[in-house]
Every structure is written in structure tokens, then in C-alpha cells.
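Down below is the structure, laid out as C-alpha cells.
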There are 2 protein chains.
Amino acid sequence: MDTDLARERILDAAEDLFYARGIQAVGMDVIRDASGVTLRRVYQLFPSKSDLVEAYLARRDTRWLQSLAAYVDAAAGAPAERLAAVFDWLENWFAQSDFHGCAFINSFGELGGTSPQVAAAARRHKDTFHAYLRELATAAGATADIGTQIALLAEGAMTTAAISGTPAPARQARQAAQTLLTLETGRAKR
Amino acid sequence: MDTDLARERILDAAEDLFYARGIQAVGMDVIRDASGVTLRRVYQLFPSKSDLVEAYLARRDTRWLQSLAAYVDAAAGAPAERLAAVFDWLENWFAQSDFHGCAFINSFGELGGTSPQVAAAARRHKDTFHAYLRELATAAGATADIGTQIALLAEGAMTTAAISGTPAPARQARQAAQTLLTLETGRAKR
DNA sequence: TGTGGGCGAGAACGAGCGTTCTCGACTCTG
DNA sequence: CAGAGTCGAGAACGCTCGTTCTCGCCCACA
């Protein structure tokens with residue numbers, strides 16, 4: 001098997017398992033079984049489990065943000081609608097059967113207290129996400145602070161959807177975000 | 001040593017340690033050392049670690065909500081100010097040196113995928129908290145939906161404060177909550 | 001004073017898991 | 001064909017940790 005393919009299969013298995021069960025609950029042997037890659041090669045590609053965890057988080061970070069941005073770019077053009085599209089994307093995500101909350105919030109909750117690398121990965125991911133929302137907000141004519149407030153709504157929707165098990169928080173957050181944005185940009189209330 | 005005192009010392013140690021480092025990262029021997037209670041008595045009072053985890057979450061649930069309610073009750077009377085006081089309380093919490101996010105969000109992220117008891121405890125806690133915010137919102141003349149939206153802001157502030165390490169999200173969330181509430185109750189924008 | 005039961009301190013046990021090693025088979029090269 | 005390197009499969013190692021056991025001590029009670 002190709003090295004790149006092995007690497008991909010390991011990361012695929014790691015992502016599925018770490019995300020579904022938590023990082024500490026998944027042993028390297030389970031990743032071997034799920035990926036079909038021998039333990040020896042796993043350790044050649046990722047010298048330790050924490051390297052694998054870092055790679056898992058790094059790949060998920062870029063893919064998650066890219067998927068979101070692609071969805072937003074595909075949404076019809078008005079800046080306010082682009083912001084609303086963020087919450088539509090979140091709702092789709094929340095409704096997926098394997099949705100289990102934000103991988104970074106989960107990882108931070110699990111290992112943030114003991115692993116500086118995991119804590120830093122979560123911080124970077126959230127920084128990027130919040131900066132993206134601030135961009136969308138300012139493009140829609142609002143202040144960056146409104147973007148920050150909308151980011152809080154998005155974060156709250158993620159944790160609430162995860163814990164409650166329903167995608168409804170996405171709609172609530174979307175509506176609140178629209179209210180904040182509409183008010184700020186001075187348009188009439190619906 | 002008194003049984004009740006031993007129980008309290010164990011729970012005190014468990015809360016400090018589980019909250020700071022995560023549940024799986026803290027062994028029973030560490031709880032023995034921190035509490036000064038012998039392993040034998042720990043297991044007499046809590047037959048397994050998961051029993052201790054459940055007791056930890058249960059006690060933290062009631063204490064957290066009681067502390068919040070007491071602060072809100074002490075705040076000056078107008079209903080809208082009571083809601084704002086929630087975010088003042090959050091800001092105080094976030095600024096504490098041992099703040100490490102919401103224990104229930106953290107526990108859910110760590111064990112929600114493998115422990116139905118932990119997942120249920122998180123769900124109950126968040127249900128209660130959100131119901132409380134809906135009460136405060138309706139008492140302030142807004143709809144229950146506004147209360148739900150404000151709950152999302154509070155949740156988002158908790159995770160963002162934890163990951164970013166600053167208490168600033170409390171103020172942002174407070175301002176957004178005020179905006180939502182003010183708009184809804186028809187008062188003039190500041 | 002003898003005795004039995006409970007307690008503290010710490011060892012011990014057994015399972016899980018991260019990581020490495022062994023062994024046999026296959027491949028590539030001279 | 002010979003030999004050396006590489007790889008897959010799985011065992012093995014060492015550590016951690018949840019849980020239980022042992023042993024010596026103390027105290028209540030006859």
C-alpha cells in the first residue's frame with residue numbers, strides 16, 4: 001500500500017473514532033483495525049499518538065473551515081445572506097447522524113487541561129473561525145463586535161446542539177444573528 | 001474522621017481535580033492523596049469511579065445554579081437587569097484563575113460519546129440552565145425564544161472564554177443579550 | 001486481660017494501552 | 001541463486017490505573 005494512502009486511511013479512521021468516542025477512549029490497536037494499516041506503519045507515519053492527534057486536529061481544522069467557506073460562497077450573494085448561510089451550514093452539520101459537537105471543543109474539554117498542543121490547536125481553530133465571522137459581519141456593514149457576538153451564537157449553537165441532540169439551536173442562533181445584524185445595519189425589523 | 005466529612009473531602013478533591021485536568025486524567029490514587037481519605041473509604045462511599053463522577057457532576061450542577069441564582073437575586077430589581085446580571089456573574093467566573101470552562105461541556109466532550117450517564121447529566125444541567133434563562137427572559141417581557149437565544153450566547157461565551165483564556169466574551173454576550181432583549185421589548189436602541 | 005472486628009496504609013492484582021520487538025515471508029540486487 | 005533489507009502479523013513489554021486484598025494496629029466489650 002502506498003504511503004500516502006496509508007496515511008489517509010489512518011487519518012480517516014482516527015477522525016471517525018476520535019470524534020465519535022473521544023481521544024483517550026480510542027487505542028492505537030483500534031485505529032489499526034479500522035484503518036487496515038499495520039501498527040508498525042502507523043508508528044512510522046506518526047511516531048506517537050499525540051502526533052496522530054495533532055494531525056487529526058490539523059486536517060479537521062482546514063477541512064471544516066473549507067467546507068463552511070465553500071457553502072457560504074455558494075450561497076446567493078448579499079452579505080447578510082452569507083452570514084445566514086453559516087447557520088444553514090451549521091444546521092446541516094448538526095442534523096448529520098454522526099454529529100457529535102465541535103471536535104475542538106470536545107478535544108479541549110478532554111485534553112485542554114493537560115495537553116498544551118491540543119489547547120493551542122483549539123485556540124487556533126476558534127480564532128480562525130471567529131475572524132471569518134468578523135469578516136462576514138463587516139462585509140455586511142456591521143461592526144467587528146457584531147461579528148464576535150455572532151461567533152458566540154455559533155459556538156453556543158454547537159455545544160447546545162451536541163448536548164441536546166437536536167439541530168434546532170442552529171435556527172435559533174440564525175435568527176438571533178439576523179436580529180443583531182439587522183439592528184446594527186439600521187434596516188427595519190421584520 | 002466523620003463519614004460526612006470524608007465524603008465532602010473526597011468530593012472537594014474530585015471537583016478540583018476533575019475540573020482542572022479532566023476526568024480520565026485523574027486517578028483514584030490522586031484523589032486519595034488530595035482528599036486525605038483512604039482508598040478503602042473512598043470505595044466504601046463511592047463504589048466505583050463512575051459513581052464518584054456522577055456525584056461530582058450532581059453537586060456541581062446544584063451549586064453552580066444556586067450560585068448564579070443567588071447573584072441574580074442580589075442584583076437590582078428590573079427584570080432586564082436580572083438577565084444582565086447573569087452575564088456579570090459569568091464574567092466573574094471567567095476571570096477566576098482556576099476557570100477552565102463549563103464542567104458539563106468538558107465532561108460531555110470527554111465522555112459524552114462513551115458514557116450515557118455523563119451525557120445525561122450534561123443534558124439535565126443545560127436544560128435547567130436554559131429553562132432558567134427563558135424564565136428570566138419572559139419575566140423581562142420577551143418571548144421564550146429570546147431566552148433560548150440568550151442561552152446560546154451564554155454557552156458560546158463559556159466555550160470561547162475557556163478556549164481563548166480571556167473573560168471578554170462575557171461582555172460581548174451581555175451586550176448582545178441586551179440588544180436582543182431591548183429590541184424584542186420594543187425599547188429604543190441606545 | 002483476651003478477642004474479634006473495623007480501620008489505615010500500602011501492596012497486589014488484572015486489565016488496558018502506548019510502544020517496541022520478533023519472526024517468518026517476500027523482494028530486490030549482484 | 002544467495003543474502004540482505006523490508007514488511008505484515010501479532011506477541012511482548014512496561015506502565016498506568018481501577019479495584020481489591022493483606023497486614024498490623026487499635027478499640028469495644030466480656
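Simple scheme: letters A, B, ... for chains in C-alpha cells order, numbers from 1 for residues in each chain, numbers from 1 for ligands in the order shown.
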
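Using only C-alpha atoms (C1' of nucleotides), the contacts of region 18-26 of chain A at a cut-off of 9 Å, with sequence neighbours closer than 4 positions omitted, comprise Ala13, Ala14, Val30, Ile31, Val53, Tyr56, Asp98, Phe99, His100, Gly101, Cys102, Ala103, Asn106, Ser107, Glu110 and Leu111 of chain A; Gln24, Gly109, Glu110, Leu111, Gly112, Gly113 and Thr114 of chain B.
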
Dump C-alpha atoms for the selected residues as a tab-separated table (two decimals), in the first residue's frame?
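File produced: selection-v8.tsv:
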chain	number	residue	atom	x	y	z
A	13	ALA	CA	-10.02	6.09	10.91
A	14	ALA	CA	-8.59	8.38	13.56
A	30	VAL	CA	-8.47	0.13	17.26
A	31	ILE	CA	-7.05	2.55	14.73
A	53	VAL	CA	-3.94	13.61	17.42
A	56	TYR	CA	-6.22	14.74	13.14
A	98	ASP	CA	-22.71	11.22	13.26
A	99	PHE	CA	-22.74	14.77	14.60
A	100	HIS	CA	-21.18	14.88	18.00
A	101	GLY	CA	-20.38	18.51	18.64
A	102	CYS	CA	-17.35	20.52	17.69
A	103	ALA	CA	-14.25	18.36	17.63
A	106	ASN	CA	-14.56	18.27	22.69
A	107	SER	CA	-10.80	17.87	22.47
A	110	GLU	CA	-10.90	16.29	27.21
A	111	LEU	CA	-7.26	17.29	26.97
B	24	GLN	CA	-9.77	10.36	32.84
B	109	GLY	CA	-16.66	16.35	25.29
B	110	GLU	CA	-14.56	13.84	27.16
B	111	LEU	CA	-17.09	11.14	27.96
B	112	GLY	CA	-20.33	12.02	26.20
B	113	GLY	CA	-19.53	9.55	23.46
B	114	THR	CA	-18.98	6.61	25.76

Name the residues in contact with Arg40 (chain B) at a cut-off of 10 Å, using only C-alpha atoms (C1' of nucleotides), excluding same-chain residues fewer than 2 positions from it; report them as a PyMOL selection string. (chain B and resi 32+37-38+42-47) or (chain C and resi 7-9) or (chain D and resi 19-20)

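Reported to one decimal place, the separation of CA of Leu65 (chain B) from CA of Ala154 (chain A) is 23.5 Å.
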
Using only C-alpha atoms (C1' of nucleotides), find which residues of chain D lie within 12 Å of chain A and jot them down as a compact mmCIF listing (two decimals) with N, CA and C atoms (P, O5', C5', C4', C3', O3' and C1' of nucleotides), in the first residue's frame.
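File written: out06.txt
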# COMPACT_ATOMS: atom_id res chain seq x y z
P DT D 6 15.86 -1.41 4.70
O5' DT D 6 14.43 -2.05 4.41
C5' DT D 6 14.01 -2.28 3.07
C4' DT D 6 12.60 -2.86 3.08
C3' DT D 6 11.69 -2.27 4.15
O3' DT D 6 10.45 -1.94 3.58
C1' DT D 6 11.70 -4.63 4.30
P DC D 7 9.43 -1.04 4.36
O5' DC D 7 8.22 -2.08 4.56
C5' DC D 7 7.78 -2.87 3.46
C4' DC D 7 6.96 -4.03 3.97
C3' DC D 7 5.99 -3.64 5.08
O3' DC D 7 4.65 -3.91 4.66
C1' DC D 7 7.23 -5.61 5.64
P DG D 8 3.47 -3.36 5.52
O5' DG D 8 2.80 -4.73 5.99
C5' DG D 8 2.65 -5.80 5.07
C4' DG D 8 2.14 -7.05 5.77
C3' DG D 8 1.04 -6.82 6.80
O3' DG D 8 0.14 -7.92 6.73
C1' DG D 8 2.97 -7.70 7.89
P DA D 9 -1.21 -7.92 7.57
O5' DA D 9 -0.84 -8.80 8.83
C5' DA D 9 -0.46 -10.16 8.65
C4' DA D 9 -0.16 -10.79 9.99
C3' DA D 9 -1.14 -10.42 11.11
O3' DA D 9 -1.63 -11.60 11.70
C1' DA D 9 1.12 -10.03 11.79
P DG D 10 -2.83 -11.52 12.79
O5' DG D 10 -2.03 -11.64 14.15
C5' DG D 10 -1.00 -12.61 14.24
C4' DG D 10 -0.06 -12.27 15.34
C3' DG D 10 -0.73 -11.91 16.68
O3' DG D 10 -0.17 -12.72 17.69
C1' DG D 10 0.98 -10.41 16.20

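Straight-line separation from CA of Ala140 (chain B) to CA of Thr182 (chain B): 9.7 Å.
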